[in-house]
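Written below as structure tokens is the structure these notes are about.
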Amino acid sequence: MTEEAITPEELQRRLDSGERVTVLDTRNRDEVEAWAIDGPGVERHHVPYTKFLSAKVTGGAADLLPDGVAEPVIAVCPRGEASDEVAELLRSEGVAAVNLAGGMEGWARVYTARELPAEATGDATVVQYRRPSSGCLAYLIVSGESGSDGREAAVVDPLRAFADRYAEDARERGTELVYAVDTHVHADHVSGVRDVAELTGATPVTSAKAVERGVAFDVETVADGETLELEGTGIEVHETPGHTTGMISLRVGDALLTGDTLFAPGVPRPDLQDGDERTADYARELHRTLTERFERFEDSVLVAPGHFTPGQPPGEDGTYTARLGDLRDSLSVFSLDREAFVERMRADVPPRPANFETIVATNLGRESLSDEDAFEAELGPNNCAAAAD
């Protein structure tokens with residue numbers, strides 16, 4: 001951190017290390033309520049920028065802060081411009097204040113990576129990518145041992161905004177990206193499957209039932225029981241519908257990449273594909289998936305989901321994973337009967353992801369967005385989990 005600014009990457013590093021930070025959010029209240037920097041180490045305060053504008057004329061900017069606020073104060077706004085002005089004003093009144101460089105848009109560009117435990121992934125290496133601002137997770141599966149010849153890789157649930165990151169990481173690991181896989185048609189972020197394919201020559205892959213939703217570009221399809229072959233590593237495909245009709249989960253060794261079928265912890269919402277009128281049907285299918293289709297998986301299987309709750313700290317190994325047996329013990333889906341689960345899911349549904357209809361149409365290949373518009377469309381939390389669990 002400099003005297004005047006902190007980078008989003010440095011802020012995330014401090015949060016991951018368990019440091020406590022004070023965030024002063026200067027955006028409008030509705031923006032803050034929809035999407036904010038959060039976590040167990042965050043002390044967050046909201047004072048709109050307009051109040052600091054008035055204080056700039058009348059004085060007393062420091063008086064807008066709560067008594068005893070912990071310093072340094074990190075000022076935040078959408079793009080880091082208004083908050084830079086606020087931080088400077090506070091410093092002029094003796095408050096240790098810094099600006100979050102790039103604001104919330106800069107925060108949305110933070111992307112970190114951590115390997116899953118080797119004992120769970122067998123002969124493969126699986127890298128979990130994390131976007132703290134939205135809670136999105138993606139994966140790079142690399143076959144064989146490091147340094148061996150003929151290694152191949154697949155990226156799972158890639159984000160368009162980071163397509164070049166996956167390509168570069170594969171090159172650095174001395175491997176060729178041969179598949180770019182979506183576990184389903186995403187509603188919360190713009191898929192990077194086609195962008196990764198253009199950059200690397202990888203084959204786009206999704207489930208046959210996802211294609212039935214109207215995918216309008218060339219893609220290889222897979223179905224339940226099939227295997228995507230990498231050199232020395234097989235990726236098992238399992239149909240796991242409920243969140244959407246075309247959802248699949250992928251097993252690599254003893255790691256299960258569940259997409260939006262099961263989180264760690266939590267379950268997905270069942271209303272995004274066809275709206276409220278089909279919520280009960282999708283909830284029943286989700287219950288069937290988790291209690292019947294998942295019977296093939298042992299308690300020891302490591303669940304590696306497609307999302308986490310923004311602000312949720314990772315586990316001791318730095319990843320967002322959980323043993324299936326632990327989730328079976330802790331989540332209501334595994335103890336409620338089907339209709340009780342349906343009622344629970346219908347009772348407390350969170351707001352839908354921002355711009356989800358446009359994002360779905362884009363991911364189907366039926367609408368086009370520029371890189372800038374795509375990035376703007378997916379800003380904010382993913383909201384793919386059900387608040388009920």
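In the structure tokens, chains take the letters A, B, ... in the order shown, each chain's residues start at 1, and ligands count up from 1 in the order shown.
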Shell around range 37-41 of chain A at 7 Å using only C-alpha atoms, local window under 4 positions removed, as a ChimeraX atom specification: /A:15,18-21,310-312
Prev. selection, N, CA, C and O atoms, output as a short mmCIF file (atom, residue, chain, number, x, y, z; two decimals), in the first residue's frame:
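Output saved as part09.cif:
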data_model
loop_
_atom_site.label_atom_id
_atom_site.label_comp_id
_atom_site.auth_asym_id
_atom_site.auth_seq_id
_atom_site.Cartn_x
_atom_site.Cartn_y
_atom_site.Cartn_z
N LEU A 15 -6.94 -9.46 3.07
CA LEU A 15 -8.12 -10.18 3.54
C LEU A 15 -7.83 -11.66 3.67
O LEU A 15 -8.24 -12.31 4.64
N GLY A 18 -6.05 -12.64 6.79
CA GLY A 18 -6.79 -12.48 8.03
C GLY A 18 -6.70 -11.09 8.64
O GLY A 18 -7.21 -10.87 9.76
N GLU A 19 -6.08 -10.16 7.95
CA GLU A 19 -6.00 -8.79 8.47
C GLU A 19 -7.38 -8.14 8.48
O GLU A 19 -8.23 -8.42 7.63
N ARG A 20 -7.57 -7.25 9.43
CA ARG A 20 -8.81 -6.48 9.47
C ARG A 20 -8.59 -5.19 8.68
O ARG A 20 -7.55 -4.55 8.77
N VAL A 21 -9.58 -4.83 7.88
CA VAL A 21 -9.50 -3.62 7.08
C VAL A 21 -10.79 -2.83 7.24
O VAL A 21 -11.86 -3.38 7.49
N PRO A 310 -19.32 -14.42 -1.93
CA PRO A 310 -18.32 -13.36 -1.78
C PRO A 310 -18.14 -12.98 -0.32
O PRO A 310 -19.12 -12.79 0.41
N GLY A 311 -16.89 -12.89 0.11
CA GLY A 311 -16.58 -12.62 1.52
C GLY A 311 -16.35 -13.87 2.33
O GLY A 311 -15.79 -13.81 3.42
N GLN A 312 -16.78 -15.04 1.81
CA GLN A 312 -16.55 -16.31 2.50
C GLN A 312 -15.07 -16.64 2.44
O GLN A 312 -14.48 -16.69 1.37
#
Please list as a short mmCIF file (atom, residue, chain, number, x, y, z; two decimals) with N, CA, C and O atoms, in the first residue's frame every residue within 8 Å of Asp271 in chain A, counting only C-alpha atoms and excluding residues in the same chain fewer than 5 positions away.
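Generated output (part17.cif):
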data_model
loop_
_atom_site.label_atom_id
_atom_site.label_comp_id
_atom_site.auth_asym_id
_atom_site.auth_seq_id
_atom_site.Cartn_x
_atom_site.Cartn_y
_atom_site.Cartn_z
N HIS A 243 -30.35 -27.20 -11.11
CA HIS A 243 -30.15 -25.76 -11.31
C HIS A 243 -30.55 -25.40 -12.73
O HIS A 243 -31.22 -24.39 -12.96
N ASP A 276 -40.39 -18.61 -12.27
CA ASP A 276 -41.09 -19.09 -11.07
C ASP A 276 -42.03 -20.25 -11.35
O ASP A 276 -42.24 -21.12 -10.49
N ARG A 278 -41.73 -22.85 -13.06
CA ARG A 278 -41.09 -24.17 -13.10
C ARG A 278 -40.16 -24.41 -11.91
O ARG A 278 -39.46 -25.42 -11.88
N THR A 279 -40.15 -23.49 -10.95
CA THR A 279 -39.24 -23.62 -9.82
C THR A 279 -39.41 -24.95 -9.09
O THR A 279 -38.44 -25.63 -8.75
N TYR A 282 -37.89 -27.90 -11.04
CA TYR A 282 -36.43 -27.92 -11.01
C TYR A 282 -35.93 -28.27 -9.61
O TYR A 282 -34.90 -28.94 -9.46
#
What's around Glu119 in chain A at 12 Å? Count only C-alpha atoms, leave out sequence neighbours fewer than 2 positions away in its own chain, and write the answer as an NGL selection string. :A and (115-117 or 121-126 or 252-255 or 300-302)
Go ahead and dump the residues you just picked, C-alpha atoms, as a CSV table (one decimal), in the first residue's frame.
chain,number,residue,atom,x,y,z
A,115,GLU,CA,-4.1,-25.9,-6.7
A,116,LEU,CA,-6.5,-28.4,-5.2
A,117,PRO,CA,-4.9,-31.0,-2.8
A,121,THR,CA,-6.8,-35.2,-8.0
A,122,GLY,CA,-4.8,-38.3,-8.7
A,123,ASP,CA,-2.4,-38.1,-11.6
A,124,ALA,CA,-3.8,-34.7,-12.6
A,125,THR,CA,-3.2,-31.2,-11.4
A,126,VAL,CA,-6.4,-29.1,-10.8
A,252,VAL,CA,-11.1,-36.1,-11.8
A,253,GLY,CA,-9.6,-38.6,-9.4
A,254,ASP,CA,-11.4,-38.1,-6.2
A,255,ALA,CA,-12.3,-34.5,-7.0
A,300,SER,CA,-14.6,-38.9,0.8
A,301,VAL,CA,-15.0,-37.2,-2.6
A,302,LEU,CA,-13.8,-33.6,-2.6
Residue contacts of Ala374 in chain A (12 Å, only C-alpha atoms) excluding same-chain residues fewer than 6 positions away, as a PyMOL selection string: chain A and resi 159-162+188-192+354-356+358-363+367-368
Between A:Trp35, A:Leu256, A:His184, A:Thr240, single out the one closest to Thr221 in chain A, counting only C-alpha atoms.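 Comparing A:Trp35, A:Leu256, A:His184, A:Thr240 against Thr221 in chain A, the winner is A:His184.
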